[in-house]
>>> print(open('query.cif').read())   # mmCIF, C-alpha atoms
data_model
loop_
_atom_site.label_atom_id
_atom_site.label_comp_id
_atom_site.auth_asym_id
_atom_site.auth_seq_id
_atom_site.Cartn_x
_atom_site.Cartn_y
_atom_site.Cartn_z
CA MET A 1 138.26 125.48 91.66
CA SER A 2 135.07 127.26 90.55
CA ASP A 3 133.63 130.36 92.21
CA ARG A 4 130.65 128.33 93.35
CA THR A 5 132.86 125.77 95.07
CA VAL A 6 134.88 128.49 96.80
CA THR A 7 131.70 130.24 97.95
CA ILE A 8 130.25 127.04 99.37
CA LEU A 9 133.57 126.17 101.06
CA VAL A 10 133.57 129.57 102.78
CA TRP A 11 130.00 128.95 103.95
CA MET A 12 131.14 125.61 105.40
CA LEU A 13 134.12 127.32 107.04
CA ILE A 14 131.82 129.87 108.68
CA GLY A 15 129.60 127.04 109.91
CA GLY A 16 132.66 125.28 111.33
CA LEU A 17 133.77 128.51 113.01
CA GLY A 18 130.36 128.83 114.66
CA GLY A 19 130.54 125.22 115.86
CA ALA A 20 134.06 125.76 117.21
CA VAL A 21 132.90 128.83 119.14
CA LEU A 22 130.02 126.86 120.66
CA VAL A 23 132.33 124.05 121.79
CA THR A 24 135.08 126.39 123.05
CA ALA A 25 132.64 128.53 125.04
CA ARG A 26 131.11 125.43 126.61
CA ARG A 27 134.50 124.07 127.64
CA LEU A 28 135.88 127.38 128.94
CA ARG A 29 132.55 128.46 130.43
CA THR A 30 133.77 131.23 132.75
CA ARG A 31 136.50 132.65 130.52
CA VAL A 32 135.13 132.77 126.99
CA PRO A 33 131.60 134.02 126.25
CA GLY A 34 129.55 131.98 123.80
CA LEU A 35 126.98 132.92 121.18
CA GLY A 36 124.23 132.52 123.78
CA ASP A 37 126.03 134.91 126.12
CA LEU A 38 126.31 137.47 123.33
CA VAL A 39 122.58 137.13 122.59
CA THR A 40 121.78 137.46 126.30
CA VAL A 41 123.85 140.64 126.65
CA VAL A 42 122.25 142.19 123.53
CA ALA A 43 118.75 141.11 124.64
CA GLY A 44 119.41 142.57 128.11
CA ARG A 45 118.89 146.04 126.64
CA PRO A 46 115.39 146.92 125.38
CA ALA A 47 116.72 148.32 122.07
CA GLY A 48 118.89 145.24 121.53
CA ARG A 49 115.97 142.95 122.23
CA ALA A 50 113.79 144.87 119.78
CA VAL A 51 116.47 144.60 117.08
CA LEU A 52 116.78 140.83 117.63
CA VAL A 53 113.02 140.27 117.45
CA VAL A 54 112.60 142.47 114.36
CA ALA A 55 115.51 140.64 112.67
CA TRP A 56 113.86 137.31 113.50
CA MET A 57 110.51 138.53 112.12
CA TRP A 58 112.22 139.70 108.92
CA LEU A 59 113.98 136.33 108.59
CA GLY A 60 110.65 134.46 108.68
CA TRP A 61 109.00 136.87 106.28
CA HIS A 62 111.98 136.72 103.89
CA ALA A 63 112.38 132.93 104.03
CA PHE A 64 108.78 131.73 104.03
CA ALA A 65 106.47 134.47 102.81
CA ARG A 66 108.44 136.49 100.24
CA MET B 1 124.55 143.36 133.36
CA ALA B 2 121.16 144.69 134.37
CA PRO B 3 119.16 142.73 136.93
CA CYS B 4 116.29 140.58 135.76
CA ALA B 5 113.64 142.61 134.00
CA GLU B 6 109.89 142.15 134.41
CA GLY B 7 108.73 138.68 133.59
CA CYS B 8 112.16 137.28 134.39
CA ARG B 9 112.72 134.66 137.02
CA ARG B 10 115.16 131.92 137.80
CA ARG B 11 114.00 129.22 135.44
CA ARG B 12 116.31 126.48 136.58
CA ALA B 13 115.04 126.63 140.14
CA ASN B 14 111.43 126.21 139.03
CA VAL B 15 111.68 123.76 136.17
CA THR B 16 110.85 120.17 137.04
CA HIS B 17 110.53 117.29 134.60
CA VAL B 18 106.75 117.66 134.79
CA THR B 19 106.70 121.41 134.09
CA ARG B 20 109.27 120.92 131.34
CA PHE B 21 107.06 118.31 129.66
CA VAL B 22 103.84 120.24 130.21
CA THR B 23 105.41 123.35 128.66
CA TRP B 24 107.34 121.65 125.88
CA ALA B 25 104.54 119.36 124.75
CA PRO B 26 102.19 122.15 123.59
CA LEU B 27 105.08 124.35 122.40
CA GLY B 28 106.62 121.53 120.39
CA THR B 29 103.27 120.40 119.04
CA ALA B 30 102.39 123.96 117.99
CA ALA B 31 105.76 124.38 116.23
CA VAL B 32 105.39 121.08 114.38
CA LEU B 33 101.75 121.79 113.42
CA LEU B 34 102.58 125.26 112.13
CA GLY B 35 105.55 123.78 110.26
CA LEU B 36 103.29 121.17 108.67
CA ALA B 37 100.72 123.85 107.78
CA ALA B 38 103.54 125.87 106.22
CA SER B 39 104.58 122.87 104.11
CA PHE B 40 101.30 123.30 102.16
CA THR B 41 102.00 126.95 101.39
CA HIS B 42 104.07 128.69 98.76
CA PRO B 43 105.83 132.05 99.02
CA PHE B 44 103.97 135.09 97.66
CA THR B 45 100.58 133.65 98.63
CA GLY B 46 98.06 134.58 101.32
CA PRO B 47 98.41 131.27 103.22
CA ALA B 48 102.20 131.72 103.46
CA ASP B 49 101.70 135.24 104.83
CA THR B 50 99.16 133.86 107.33
CA VAL B 51 101.50 131.12 108.60
CA VAL B 52 104.33 133.62 109.15
CA ALA B 53 101.92 136.06 110.83
CA VAL B 54 100.67 133.33 113.19
CA GLY B 55 104.28 132.44 114.11
CA ILE B 56 105.14 136.08 114.78
CA LEU B 57 101.99 136.57 116.88
CA ALA B 58 102.79 133.43 118.88
CA VAL B 59 106.28 134.66 119.75
CA LEU B 60 105.09 138.20 120.48
CA SER B 61 102.46 136.72 122.80
CA ILE B 62 105.34 135.21 124.84
CA VAL B 63 106.73 138.74 125.24
CA ALA B 64 103.27 139.89 126.36
CA VAL B 65 103.07 137.09 128.93
CA GLN B 66 106.51 138.04 130.29
CA ARG B 67 105.51 141.68 130.50
CA TRP B 68 102.10 141.40 132.10
CA GLN B 69 102.34 138.22 134.14
CA SER B 70 104.41 138.45 137.29
CA ASP B 71 105.05 134.72 137.41
CA PRO B 72 105.17 133.45 133.81
CA PRO B 73 105.33 129.72 133.06
CA ALA B 74 108.90 128.48 133.51
CA LEU B 75 109.86 127.97 129.88
CA LEU B 76 108.21 131.20 128.76
CA ALA B 77 110.14 133.21 131.35
CA ARG B 78 113.34 135.00 130.49
CA ARG B 79 116.49 133.19 131.52
CA ASP B 80 118.82 134.27 134.28
CA PRO B 81 121.32 136.94 133.32
CA ILE B 82 124.68 135.45 132.42
CA PRO B 83 127.26 135.21 135.23
CA LEU B 84 128.91 138.49 136.13
CA ALA B 85 132.32 136.94 135.48
CA ILE B 86 131.35 136.69 131.82
CA ALA B 87 129.27 139.85 131.52
CA ASP B 88 131.53 142.46 133.12
CA GLY B 89 135.13 142.80 134.06
CA GLY B 90 135.77 139.07 134.12
CA GLY B 91 138.42 139.37 131.44
CA PRO B 92 139.55 141.49 128.54
CA GLY B 93 136.94 142.98 126.22
CA TRP B 94 138.39 141.21 123.19
CA ARG B 95 136.84 137.96 124.48
CA TRP B 96 133.60 139.18 122.93
CA LEU B 97 135.26 138.94 119.53
CA VAL B 98 135.08 135.16 119.92
CA PRO B 99 131.27 134.86 119.67
CA ALA B 100 131.05 137.93 117.40
CA ALA B 101 133.49 136.53 114.80
CA PRO B 102 131.21 133.89 113.22
CA LEU B 103 128.27 136.31 113.16
CA VAL B 104 130.34 139.06 111.52
CA ALA B 105 131.76 136.52 109.05
CA LEU B 106 128.25 135.27 108.22
CA LEU B 107 126.84 138.75 107.66
CA GLY B 108 129.90 139.86 105.70
CA TRP B 109 129.92 136.81 103.42
CA GLU B 110 126.16 137.05 102.91
CA ALA B 111 126.60 140.70 101.85
CA PHE B 112 129.48 139.80 99.53
CA THR B 113 127.63 136.93 97.84
CA TYR B 114 124.46 139.03 97.58
CA ALA B 115 126.41 141.76 95.78
CA SER B 116 128.20 139.28 93.48
CA SER B 117 126.88 137.77 90.30
CA PRO B 118 125.88 135.46 88.81
CA ARG B 119 123.92 134.05 91.72
CA SER B 120 124.64 130.46 90.68
CA ALA B 121 128.39 131.09 91.11
CA HIS B 122 127.94 133.03 94.38
CA PRO B 123 125.03 131.41 96.22
CA THR B 124 123.72 133.28 99.24
CA LEU B 125 122.64 131.40 102.34
CA SER B 126 118.99 131.54 101.33
CA VAL B 127 119.81 130.14 97.85
CA LEU B 128 121.64 127.24 99.50
CA MET B 129 118.62 126.67 101.76
CA ASP B 130 116.24 126.58 98.78
CA GLY B 131 117.08 122.91 98.18
CA THR B 132 115.88 121.98 101.67
CA ASP B 133 112.99 124.40 101.47
CA ARG B 134 111.59 122.74 98.33
CA SER B 135 110.66 119.48 100.07
CA PRO B 136 107.54 119.68 102.29
CA PHE B 137 109.33 118.11 105.26
CA GLY B 138 112.34 120.37 104.83
CA HIS B 139 110.06 123.40 104.68
CA ALA B 140 108.16 122.23 107.78
CA ALA B 141 111.43 121.66 109.67
CA MET B 142 112.74 125.11 108.71
CA VAL B 143 109.53 126.83 109.87
CA ALA B 144 109.63 124.87 113.15
CA GLY B 145 113.30 125.84 113.56
CA TRP B 146 112.45 129.48 112.93
CA LEU B 147 109.78 129.33 115.65
CA VAL B 148 112.22 127.74 118.11
CA LEU B 149 114.75 130.48 117.30
CA GLY B 150 112.08 133.09 118.07
CA TRP B 151 111.34 131.40 121.39
CA TYR B 152 115.08 131.28 122.15
CA LEU B 153 115.54 134.98 121.42
CA VAL B 154 112.59 136.26 123.49
CA THR B 155 113.44 134.09 126.50
CA ARG B 156 116.97 135.59 126.71
#
>>> encode(input="query.cif", output="structure tokens")
Amino acid sequence: MSDRTVTILVWMLIGGLGGAVLVTARRLRTRVPGLGDLVTVVAGRPAGRAVLVVAWMWLGWHAFAR
Amino acid sequence: MAPCAEGCRRRRANVTHVTRFVTWAPLGTAAVLLGLAASFTHPFTGPADTVVAVGILAVLSIVAVQRWQSDPPALLARRDPIPLAIADGGGPGWRWLVPAAPLVALLGWEAFTYASSPRSAHPTLSVLMDGTDRSPFGHAAMVAGWLVLGWYLVTR
């Protein structure tokens, strides 16, 4: 198996892990926090919100402008 | 969990089908239009910079509305804080590893692939996205998705 194939498989695994977390958190709503809950907790603090927004701005700049 | 900050209100209680449509129609149209405009641009050019700047200004203007308007439109308002049972003391702290795990894995693997070479054997996430980004519709969809992500983040 080539390095490229392994790298892409790991990317797919990470995507699957994210999907599994979304489904699990939705099913066990009051026991397991989901990605949205994590974002909400981080965004609940001014510094956390600033970090999230700056990271989002960088993502757009990196992906579409530079 | 801190109580609702300024510009925050209970969205669910105020959102009707009409307000949802009235808010989503212009938001969705703006995202699609900016995405389509972006599909005509290429990185490292003035138009590409302008499209990204317009997107950033649009999302920052939502923050401004939340901050200076006591009763912001429902879908521009920040969402309710998450239930206390999830935020504090509702279970062991390791539960937060569940949502953190895919994010840590993503950042870690991105760092590893970025530091590895050659790039063709260790593609980063952005290299994998380049295929989609090359088609005008793919580029438009990615820009629209980026705008929706910005909206999602500032309304939390």
>>> resolve_selection(input="query.cif", expression="the PyMOL selection byres ((chain A) within 7 of (chain B))", output="list in words")
Asp3, Arg4, Thr7, Ile14, Leu17, Gly18, Val21, Thr30, Arg31, Val32, Pro33, Gly34, Leu35, Asp37, Leu38, Thr40, Ala43, Gly44, Trp56, Met57, Gly60, Trp61, Phe64, Ala65 and Arg66 of chain A
>>> atom_distance(input="query.cif", atom1="CA of Ala58 in chain B", atom2="CA of Pro26 in chain B")
12.2 Å
>>> atom_distance(input="query.cif", atom1="CA of Gly131 in chain B", atom2="CA of Trp58 in chain A")
20.5 Å
>>> atom_distance(input="query.cif", atom1="CA of Ala144 in chain B", atom2="CA of Val54 in chain A")
17.9 Å
>>> axis_aligned_box(input="query.cif", around="range 34-47 of chain B", padding_each_side="3 Å", output="JSON")
{"center_x": 101.9, "center_y": 128.1, "center_z": 104.9, "size_x": 13.8, "size_y": 19.9, "size_z": 20.5}
>>> closest_residue(input="query.cif", among="A:Ala50, A:Val6, A:Leu22, A:Val41", to="Val63 in chain B", atoms="all atoms listed in the file")
A:Ala50
>>> build_atoms(input="query.cif", residues="range 95-114 of chain B", atoms="N, CA and C atoms", output="PDB file, in the frame of the given file")
ATOM      1  N   ARG B  95     137.478 139.291 124.428  1.00  0.00           N
ATOM      2  CA  ARG B  95     136.840 137.960 124.480  1.00  0.00           C
ATOM      3  C   ARG B  95     135.533 137.951 123.696  1.00  0.00           C
ATOM      4  N   TRP B  96     134.892 139.133 123.637  1.00  0.00           N
ATOM      5  CA  TRP B  96     133.600 139.180 122.930  1.00  0.00           C
ATOM      6  C   TRP B  96     133.765 139.035 121.430  1.00  0.00           C
ATOM      7  N   LEU B  97     135.020 139.181 120.960  1.00  0.00           N
ATOM      8  CA  LEU B  97     135.260 138.940 119.530  1.00  0.00           C
ATOM      9  C   LEU B  97     135.053 137.472 119.188  1.00  0.00           C
ATOM     10  N   VAL B  98     135.216 136.602 120.187  1.00  0.00           N
ATOM     11  CA  VAL B  98     135.080 135.160 119.920  1.00  0.00           C
ATOM     12  C   VAL B  98     133.670 134.818 119.424  1.00  0.00           C
ATOM     13  N   PRO B  99     132.604 135.157 120.199  1.00  0.00           N
ATOM     14  CA  PRO B  99     131.270 134.860 119.670  1.00  0.00           C
ATOM     15  C   PRO B  99     130.861 135.771 118.515  1.00  0.00           C
ATOM     16  N   ALA B 100     131.445 136.990 118.464  1.00  0.00           N
ATOM     17  CA  ALA B 100     131.050 137.930 117.400  1.00  0.00           C
ATOM     18  C   ALA B 100     131.629 137.516 116.045  1.00  0.00           C
ATOM     19  N   ALA B 101     132.788 136.841 116.065  1.00  0.00           N
ATOM     20  CA  ALA B 101     133.490 136.530 114.800  1.00  0.00           C
ATOM     21  C   ALA B 101     132.632 135.744 113.810  1.00  0.00           C
ATOM     22  N   PRO B 102     132.001 134.614 114.216  1.00  0.00           N
ATOM     23  CA  PRO B 102     131.210 133.890 113.220  1.00  0.00           C
ATOM     24  C   PRO B 102     130.003 134.676 112.721  1.00  0.00           C
ATOM     25  N   LEU B 103     129.425 135.518 113.590  1.00  0.00           N
ATOM     26  CA  LEU B 103     128.270 136.310 113.160  1.00  0.00           C
ATOM     27  C   LEU B 103     128.690 137.379 112.155  1.00  0.00           C
ATOM     28  N   VAL B 104     129.827 138.036 112.437  1.00  0.00           N
ATOM     29  CA  VAL B 104     130.340 139.060 111.520  1.00  0.00           C
ATOM     30  C   VAL B 104     130.721 138.404 110.189  1.00  0.00           C
ATOM     31  N   ALA B 105     131.362 137.230 110.276  1.00  0.00           N
ATOM     32  CA  ALA B 105     131.760 136.520 109.050  1.00  0.00           C
ATOM     33  C   ALA B 105     130.518 136.147 108.238  1.00  0.00           C
ATOM     34  N   LEU B 106     129.484 135.670 108.916  1.00  0.00           N
ATOM     35  CA  LEU B 106     128.250 135.270 108.220  1.00  0.00           C
ATOM     36  C   LEU B 106     127.604 136.462 107.515  1.00  0.00           C
ATOM     37  N   LEU B 107     127.476 137.571 108.257  1.00  0.00           N
ATOM     38  CA  LEU B 107     126.840 138.750 107.660  1.00  0.00           C
ATOM     39  C   LEU B 107     127.689 139.314 106.526  1.00  0.00           C
ATOM     40  N   GLY B 108     129.002 139.329 106.725  1.00  0.00           N
ATOM     41  CA  GLY B 108     129.900 139.860 105.700  1.00  0.00           C
ATOM     42  C   GLY B 108     129.873 139.021 104.430  1.00  0.00           C
ATOM     43  N   TRP B 109     129.917 137.693 104.596  1.00  0.00           N
ATOM     44  CA  TRP B 109     129.920 136.810 103.420  1.00  0.00           C
ATOM     45  C   TRP B 109     128.567 136.842 102.716  1.00  0.00           C
ATOM     46  N   GLU B 110     127.492 136.942 103.506  1.00  0.00           N
ATOM     47  CA  GLU B 110     126.160 137.050 102.910  1.00  0.00           C
ATOM     48  C   GLU B 110     126.077 138.334 102.060  1.00  0.00           C
ATOM     49  N   ALA B 111     126.612 139.440 102.602  1.00  0.00           N
ATOM     50  CA  ALA B 111     126.600 140.700 101.850  1.00  0.00           C
ATOM     51  C   ALA B 111     127.437 140.583 100.582  1.00  0.00           C
ATOM     52  N   PHE B 112     128.604 139.945 100.698  1.00  0.00           N
ATOM     53  CA  PHE B 112     129.480 139.800  99.530  1.00  0.00           C
ATOM     54  C   PHE B 112     128.820 138.953  98.447  1.00  0.00           C
ATOM     55  N   THR B 113     128.248 137.808  98.843  1.00  0.00           N
ATOM     56  CA  THR B 113     127.630 136.930  97.840  1.00  0.00           C
ATOM     57  C   THR B 113     126.387 137.583  97.238  1.00  0.00           C
ATOM     58  N   TYR B 114     125.660 138.343  98.086  1.00  0.00           N
ATOM     59  CA  TYR B 114     124.460 139.030  97.580  1.00  0.00           C
ATOM     60  C   TYR B 114     124.826 140.054  96.511  1.00  0.00           C
TER      61      TYR B 114
END
